[in-house]
Amino acid sequence: MAIINQATKELQVKIVYYGPAKCGKTTNLEQVHGNVQNVKEKGKLVSLATSSDRTLFFDFLPIEAMAIKGFKTKFQLYTVPGQVIYNTTRQLVLRGVDGIVFVADSQYDKMSENVESFTNLEENLKSQKLNLSDIPYVLQYNKRDLPNAAPVDYMEYVLNNRELQVPSFAASASKCDGVFETLNMITRLLLNKFINEGSRKTP
């Protein structure tokens, strides 16, 4: 849930990058952090990893954006650990989530892991009495540069075959392709949501 700080006039919004192990969640955040030139617009990128370089907890990156009704919007970006044994940590990271980027691995042999991770996301949200259909989210089909990448249409059928389809982006996070397009869309969806909610509350 977004946090409103009346004293500093800040709206703090939490975005979680979710997906299977080694799908490119951490790479997305590293690319965003590395390519945001203005030091004032980014916080320190905190990465807690094991000796095998897998993210254990979260990466944290606030990005300041446009003001809504006088409030400066600050986005906090997190990743969840991809490995199933860290599911409790996934649940902790999801607490207070406002928007989600689901990062899928485009390789054919990773498709079952994508589906399993997506199902796990829905289950973890339900455990917190949240529903994915009520949370803005986008899909990123990462690793499009690999030779065994499945067609985007196939990815859409597997992960976006729902009554209400969400925006999806082909990406190669290691090359920074599609990284900012994905981030821009989820921030736009969230800003629109808060603007609309604010206008409904205004007499």
# chains A, B, ... in the order shown; residues from 1 in each chain; ligands from 1
>>> residues_around(residues="region 171-187 of chain A", least_positions_apart="2", cutoff="7 Å", atoms="only C-alpha atoms", output="list of chain:residue names")
A:Gly24, A:Thr27, A:Asn28, A:Gln31, A:Gly99, A:Tyr137, A:Val138, A:Gln140, A:Tyr141, A:Asn142, A:Lys143, A:Arg144, A:Asp145, A:Phe169, A:Leu189, A:Leu190, A:Leu191
>>> select_by_dssp(residues="region 46-190 of chain A", states="strand (DSSP E)", output="ChimeraX atom specification")
/A:61-68,71-79,99-105,137-142,168-170
>>> write_last_selection(atoms="N, CA and C atoms", output="CSV table (one decimal), in the first residue's frame")
chain,number,residue,atom,x,y,z
A,61,LEU,N,15.6,0.5,-4.7
A,61,LEU,CA,16.0,1.6,-5.5
A,61,LEU,C,14.8,2.6,-5.6
A,62,PRO,N,14.9,3.7,-4.9
A,62,PRO,CA,13.9,4.8,-5.0
A,62,PRO,C,14.1,5.6,-6.2
A,63,ILE,N,13.1,5.9,-7.0
A,63,ILE,CA,13.2,6.8,-8.1
A,63,ILE,C,12.2,7.9,-8.0
A,64,GLU,N,12.6,9.1,-8.0
A,64,GLU,CA,11.6,10.2,-7.8
A,64,GLU,C,11.0,10.5,-9.2
A,65,ALA,N,9.7,10.7,-9.1
A,65,ALA,CA,8.9,10.9,-10.4
A,65,ALA,C,8.1,12.2,-10.2
A,66,MET,N,7.1,12.3,-11.1
A,66,MET,CA,6.2,13.5,-11.1
A,66,MET,C,5.4,13.7,-9.8
A,67,ALA,N,5.0,14.9,-9.5
A,67,ALA,CA,4.2,15.2,-8.4
A,67,ALA,C,2.7,15.0,-8.7
A,68,ILE,N,2.0,14.5,-7.7
A,68,ILE,CA,0.6,14.3,-7.8
A,68,ILE,C,-0.1,15.1,-6.7
A,71,PHE,N,2.3,16.2,-4.2
A,71,PHE,CA,3.1,15.2,-3.5
A,71,PHE,C,4.1,14.7,-4.5
A,72,LYS,N,5.3,14.6,-4.1
A,72,LYS,CA,6.4,14.1,-4.9
A,72,LYS,C,6.3,12.5,-4.8
A,73,THR,N,6.4,11.9,-6.0
A,73,THR,CA,6.2,10.4,-6.0
A,73,THR,C,7.6,9.7,-6.0
A,74,LYS,N,7.8,8.8,-5.1
A,74,LYS,CA,9.0,8.1,-5.0
A,74,LYS,C,8.7,6.6,-5.2
A,75,PHE,N,9.4,6.0,-6.1
A,75,PHE,CA,9.2,4.6,-6.4
A,75,PHE,C,10.3,3.7,-5.7
A,76,GLN,N,9.9,2.7,-5.0
A,76,GLN,CA,10.8,1.8,-4.5
A,76,GLN,C,10.7,0.5,-5.2
A,77,LEU,N,11.8,0.0,-5.8
A,77,LEU,CA,11.9,-1.2,-6.6
A,77,LEU,C,12.5,-2.3,-5.8
A,78,TYR,N,11.9,-3.5,-5.8
A,78,TYR,CA,12.3,-4.6,-5.1
A,78,TYR,C,12.4,-5.8,-6.1
A,79,THR,N,13.2,-6.8,-5.8
A,79,THR,CA,13.1,-8.1,-6.4
A,79,THR,C,12.9,-9.1,-5.3
A,99,GLY,N,2.5,-2.3,-7.2
A,99,GLY,CA,2.6,-2.7,-8.6
A,99,GLY,C,3.6,-3.9,-8.7
A,100,ILE,N,3.4,-4.7,-9.8
A,100,ILE,CA,4.2,-5.8,-10.0
A,100,ILE,C,4.7,-5.9,-11.4
A,101,VAL,N,6.0,-6.2,-11.6
A,101,VAL,CA,6.6,-6.6,-12.9
A,101,VAL,C,6.9,-8.0,-12.8
A,102,PHE,N,6.2,-8.9,-13.6
A,102,PHE,CA,6.5,-10.3,-13.7
A,102,PHE,C,7.5,-10.5,-14.8
A,103,VAL,N,8.7,-10.9,-14.4
A,103,VAL,CA,9.8,-11.2,-15.4
A,103,VAL,C,9.8,-12.7,-15.8
A,104,ALA,N,9.5,-13.0,-17.0
A,104,ALA,CA,9.5,-14.4,-17.5
A,104,ALA,C,10.8,-14.7,-18.3
A,105,ASP,N,11.3,-15.9,-18.2
A,105,ASP,CA,12.4,-16.3,-19.0
A,105,ASP,C,11.9,-16.9,-20.3
A,137,TYR,N,-0.1,-4.6,-12.9
A,137,TYR,CA,1.1,-5.3,-13.2
A,137,TYR,C,1.3,-5.4,-14.7
A,138,VAL,N,2.6,-5.7,-15.0
A,138,VAL,CA,2.9,-5.9,-16.4
A,138,VAL,C,3.8,-7.1,-16.5
A,139,LEU,N,3.9,-7.6,-17.8
A,139,LEU,CA,4.7,-8.8,-18.0
A,139,LEU,C,6.0,-8.4,-18.8
A,140,GLN,N,7.1,-8.9,-18.5
A,140,GLN,CA,8.3,-8.7,-19.3
A,140,GLN,C,8.8,-10.1,-19.8
A,141,TYR,N,8.9,-10.3,-21.1
A,141,TYR,CA,9.5,-11.5,-21.6
A,141,TYR,C,11.0,-11.3,-21.9
A,142,ASN,N,11.8,-11.7,-20.9
A,142,ASN,CA,13.2,-11.4,-21.0
A,142,ASN,C,14.0,-12.5,-21.7
A,168,SER,N,2.6,-6.1,-22.1
A,168,SER,CA,3.8,-7.0,-22.1
A,168,SER,C,4.9,-6.5,-22.9
A,169,PHE,N,6.1,-6.8,-22.6
A,169,PHE,CA,7.3,-6.3,-23.3
A,169,PHE,C,8.3,-7.3,-23.5
A,170,ALA,N,8.8,-7.4,-24.8
A,170,ALA,CA,10.0,-8.2,-25.1
A,170,ALA,C,11.2,-7.5,-24.6
>>> closest_residue(among="A:Val97, A:Ala21, A:Leu164, A:Val36", to="Ile85 (chain A)", atoms="only C-alpha atoms")
A:Ala21
>>> closest_residue(among="A:Ala149, A:Met155, A:Leu130, A:Leu29", to="Ser47 (chain A)", atoms="only C-alpha atoms")
A:Leu29
>>> residues_around(residues="Ala2 (chain A)", least_positions_apart="4", cutoff="9 Å", atoms="only C-alpha atoms", output="MDAnalysis selection string")
chainID A and resid 11:14 96:98
>>> write_last_selection(atoms="N, CA and C atoms", output="PDB file, in the first residue's frame")
ATOM      1  N   LEU A  11       4.728  10.717  -1.799  1.00  0.00           N
ATOM      2  CA  LEU A  11       3.930   9.517  -2.016  1.00  0.00           C
ATOM      3  C   LEU A  11       4.917   8.404  -2.349  1.00  0.00           C
ATOM      4  N   GLN A  12       4.980   7.395  -1.489  1.00  0.00           N
ATOM      5  CA  GLN A  12       5.962   6.324  -1.655  1.00  0.00           C
ATOM      6  C   GLN A  12       5.266   5.091  -2.214  1.00  0.00           C
ATOM      7  N   VAL A  13       5.711   4.633  -3.372  1.00  0.00           N
ATOM      8  CA  VAL A  13       5.060   3.533  -4.083  1.00  0.00           C
ATOM      9  C   VAL A  13       6.027   2.364  -4.237  1.00  0.00           C
ATOM     10  N   LYS A  14       5.538   1.161  -3.971  1.00  0.00           N
ATOM     11  CA  LYS A  14       6.378  -0.037  -3.983  1.00  0.00           C
ATOM     12  C   LYS A  14       6.081  -0.912  -5.206  1.00  0.00           C
ATOM     13  N   GLY A  96       2.645  -4.862   1.266  1.00  0.00           N
ATOM     14  CA  GLY A  96       2.521  -3.452   0.905  1.00  0.00           C
ATOM     15  C   GLY A  96       2.806  -3.153  -0.552  1.00  0.00           C
ATOM     16  N   VAL A  97       2.776  -4.170  -1.420  1.00  0.00           N
ATOM     17  CA  VAL A  97       3.072  -3.965  -2.840  1.00  0.00           C
ATOM     18  C   VAL A  97       1.989  -3.127  -3.516  1.00  0.00           C
ATOM     19  N   ASP A  98       2.401  -2.233  -4.404  1.00  0.00           N
ATOM     20  CA  ASP A  98       1.464  -1.419  -5.176  1.00  0.00           C
ATOM     21  C   ASP A  98       1.386  -1.862  -6.630  1.00  0.00           C
TER      22      ASP A  98
END
>>> select_by_dssp(residues="region 9-167 of chain A", states="alpha helix (DSSP H)", output="mmCIF file with N, CA and C atoms, in the first residue's frame")
data_model
loop_
_atom_site.group_PDB
_atom_site.id
_atom_site.type_symbol
_atom_site.label_atom_id
_atom_site.label_comp_id
_atom_site.auth_asym_id
_atom_site.auth_seq_id
_atom_site.Cartn_x
_atom_site.Cartn_y
_atom_site.Cartn_z
ATOM 1 N N LYS A 25 15.522 -10.569 -12.987
ATOM 2 C CA LYS A 25 14.949 -9.545 -12.102
ATOM 3 C C LYS A 25 16.028 -8.579 -11.606
ATOM 4 N N THR A 26 17.101 -9.151 -11.070
ATOM 5 C CA THR A 26 18.189 -8.324 -10.549
ATOM 6 C C THR A 26 18.846 -7.516 -11.660
ATOM 7 N N THR A 27 18.991 -8.125 -12.835
ATOM 8 C CA THR A 27 19.601 -7.422 -13.972
ATOM 9 C C THR A 27 18.785 -6.195 -14.351
ATOM 10 N N ASN A 28 17.452 -6.298 -14.296
ATOM 11 C CA ASN A 28 16.593 -5.149 -14.571
ATOM 12 C C ASN A 28 16.928 -3.984 -13.641
ATOM 13 N N LEU A 29 17.002 -4.268 -12.342
ATOM 14 C CA LEU A 29 17.270 -3.200 -11.385
ATOM 15 C C LEU A 29 18.670 -2.630 -11.544
ATOM 16 N N GLU A 30 19.623 -3.488 -11.837
ATOM 17 C CA GLU A 30 20.997 -3.023 -12.048
ATOM 18 C C GLU A 30 21.076 -2.101 -13.263
ATOM 19 N N GLN A 31 20.336 -2.430 -14.314
ATOM 20 C CA GLN A 31 20.338 -1.598 -15.520
ATOM 21 C C GLN A 31 19.666 -0.254 -15.264
ATOM 22 N N VAL A 32 18.554 -0.278 -14.538
ATOM 23 C CA VAL A 32 17.877 0.980 -14.216
ATOM 24 C C VAL A 32 18.802 1.862 -13.376
ATOM 25 N N HIS A 33 19.376 1.269 -12.344
ATOM 26 C CA HIS A 33 20.250 2.024 -11.449
ATOM 27 C C HIS A 33 21.472 2.564 -12.183
ATOM 28 N N GLY A 34 22.045 1.762 -13.061
ATOM 29 C CA GLY A 34 23.243 2.162 -13.785
ATOM 30 C C GLY A 34 22.998 3.212 -14.842
ATOM 31 N N ASN A 35 21.754 3.282 -15.350
ATOM 32 C CA ASN A 35 21.465 4.200 -16.449
ATOM 33 C C ASN A 35 20.734 5.470 -16.032
ATOM 34 N N ASN A 87 10.488 -18.908 -0.220
ATOM 35 C CA ASN A 87 9.131 -18.413 -0.417
ATOM 36 C C ASN A 87 8.677 -17.488 0.704
ATOM 37 N N THR A 88 9.121 -17.736 1.930
ATOM 38 C CA THR A 88 8.756 -16.863 3.047
ATOM 39 C C THR A 88 9.278 -15.453 2.802
ATOM 40 N N THR A 89 10.478 -15.356 2.229
ATOM 41 C CA THR A 89 11.046 -14.043 1.912
ATOM 42 C C THR A 89 10.235 -13.374 0.811
ATOM 43 N N ARG A 90 9.789 -14.150 -0.161
ATOM 44 C CA ARG A 90 8.926 -13.593 -1.214
ATOM 45 C C ARG A 90 7.688 -12.946 -0.602
ATOM 46 N N GLN A 91 7.077 -13.657 0.340
ATOM 47 C CA GLN A 91 5.870 -13.136 0.981
ATOM 48 C C GLN A 91 6.154 -11.837 1.725
ATOM 49 N N LEU A 92 7.290 -11.779 2.402
ATOM 50 C CA LEU A 92 7.667 -10.560 3.127
ATOM 51 C C LEU A 92 7.863 -9.384 2.179
ATOM 52 N N VAL A 93 8.539 -9.644 1.056
ATOM 53 C CA VAL A 93 8.798 -8.573 0.087
ATOM 54 C C VAL A 93 7.500 -8.069 -0.529
ATOM 55 N N LEU A 94 6.513 -8.951 -0.680
ATOM 56 C CA LEU A 94 5.240 -8.572 -1.297
ATOM 57 C C LEU A 94 4.358 -7.707 -0.385
ATOM 58 N N MET A 111 9.705 -22.578 -19.410
ATOM 59 C CA MET A 111 8.292 -22.207 -19.415
ATOM 60 C C MET A 111 7.539 -22.733 -18.198
ATOM 61 N N SER A 112 7.839 -23.976 -17.789
ATOM 62 C CA SER A 112 7.149 -24.533 -16.619
ATOM 63 C C SER A 112 7.517 -23.754 -15.362
ATOM 64 N N GLU A 113 8.768 -23.276 -15.283
ATOM 65 C CA GLU A 113 9.190 -22.466 -14.135
ATOM 66 C C GLU A 113 8.467 -21.119 -14.132
ATOM 67 N N ASN A 114 8.245 -20.549 -15.335
ATOM 68 C CA ASN A 114 7.491 -19.300 -15.439
ATOM 69 C C ASN A 114 6.076 -19.478 -14.891
ATOM 70 N N VAL A 115 5.418 -20.541 -15.324
ATOM 71 C CA VAL A 115 4.037 -20.809 -14.901
ATOM 72 C C VAL A 115 3.978 -21.066 -13.391
ATOM 73 N N GLU A 116 4.930 -21.843 -12.910
ATOM 74 C CA GLU A 116 4.984 -22.148 -11.472
ATOM 75 C C GLU A 116 5.177 -20.879 -10.649
ATOM 76 N N SER A 117 6.060 -19.994 -11.121
ATOM 77 C CA SER A 117 6.325 -18.758 -10.408
ATOM 78 C C SER A 117 5.118 -17.824 -10.439
ATOM 79 N N PHE A 118 4.420 -17.771 -11.565
ATOM 80 C CA PHE A 118 3.237 -16.922 -11.693
ATOM 81 C C PHE A 118 2.137 -17.411 -10.752
ATOM 82 N N THR A 119 1.951 -18.733 -10.699
ATOM 83 C CA THR A 119 0.967 -19.325 -9.786
ATOM 84 C C THR A 119 1.342 -19.036 -8.341
ATOM 85 N N ASN A 120 2.635 -19.125 -8.050
ATOM 86 C CA ASN A 120 3.135 -18.837 -6.711
ATOM 87 C C ASN A 120 2.875 -17.383 -6.322
ATOM 88 N N LEU A 121 3.015 -16.482 -7.285
ATOM 89 C CA LEU A 121 2.725 -15.064 -7.050
ATOM 90 C C LEU A 121 1.272 -14.889 -6.620
ATOM 91 N N GLU A 122 0.355 -15.504 -7.352
ATOM 92 C CA GLU A 122 -1.069 -15.388 -7.026
ATOM 93 C C GLU A 122 -1.371 -15.962 -5.643
ATOM 94 N N GLU A 123 -0.737 -17.097 -5.325
ATOM 95 C CA GLU A 123 -0.956 -17.735 -4.024
ATOM 96 C C GLU A 123 -0.432 -16.867 -2.885
ATOM 97 N N ASN A 124 0.746 -16.289 -3.086
ATOM 98 C CA ASN A 124 1.327 -15.447 -2.040
ATOM 99 C C ASN A 124 0.522 -14.167 -1.833
ATOM 100 N N LEU A 125 -0.051 -13.636 -2.893
ATOM 101 C CA LEU A 125 -0.913 -12.462 -2.752
ATOM 102 C C LEU A 125 -2.190 -12.827 -1.991
ATOM 103 N N LYS A 126 -2.759 -13.986 -2.319
ATOM 104 C CA LYS A 126 -3.990 -14.420 -1.636
ATOM 105 C C LYS A 126 -3.754 -14.639 -0.152
ATOM 106 N N VAL A 152 6.998 -14.680 -29.007
ATOM 107 C CA VAL A 152 6.239 -13.826 -28.095
ATOM 108 C C VAL A 152 4.778 -14.262 -28.035
ATOM 109 N N ASP A 153 4.200 -14.657 -29.174
ATOM 110 C CA ASP A 153 2.802 -15.118 -29.193
ATOM 111 C C ASP A 153 2.594 -16.313 -28.266
ATOM 112 N N TYR A 154 3.581 -17.186 -28.225
ATOM 113 C CA TYR A 154 3.506 -18.346 -27.338
ATOM 114 C C TYR A 154 3.574 -17.908 -25.876
ATOM 115 N N MET A 155 4.455 -16.959 -25.587
ATOM 116 C CA MET A 155 4.572 -16.421 -24.231
ATOM 117 C C MET A 155 3.248 -15.768 -23.800
ATOM 118 N N GLU A 156 2.645 -15.059 -24.737
ATOM 119 C CA GLU A 156 1.365 -14.419 -24.460
ATOM 120 C C GLU A 156 0.299 -15.454 -24.131
ATOM 121 N N TYR A 157 0.303 -16.550 -24.891
ATOM 122 C CA TYR A 157 -0.684 -17.608 -24.670
ATOM 123 C C TYR A 157 -0.494 -18.252 -23.299
ATOM 124 N N VAL A 158 0.746 -18.449 -22.903
ATOM 125 C CA VAL A 158 1.050 -19.119 -21.641
ATOM 126 C C VAL A 158 0.780 -18.218 -20.429
ATOM 127 N N LEU A 159 1.147 -16.936 -20.524
ATOM 128 C CA LEU A 159 1.122 -16.071 -19.340
ATOM 129 C C LEU A 159 0.114 -14.917 -19.378
#
>>> closest_residue(among="A:Pro136, A:Pro147, A:Val16, A:Asn192", to="Pro167 (chain A)", atoms="only C-alpha atoms")
A:Pro136
>>> atom_distance(atom1="CA of Ile15 (chain A)", atom2="CA of Ser106 (chain A)")
21.9 Å
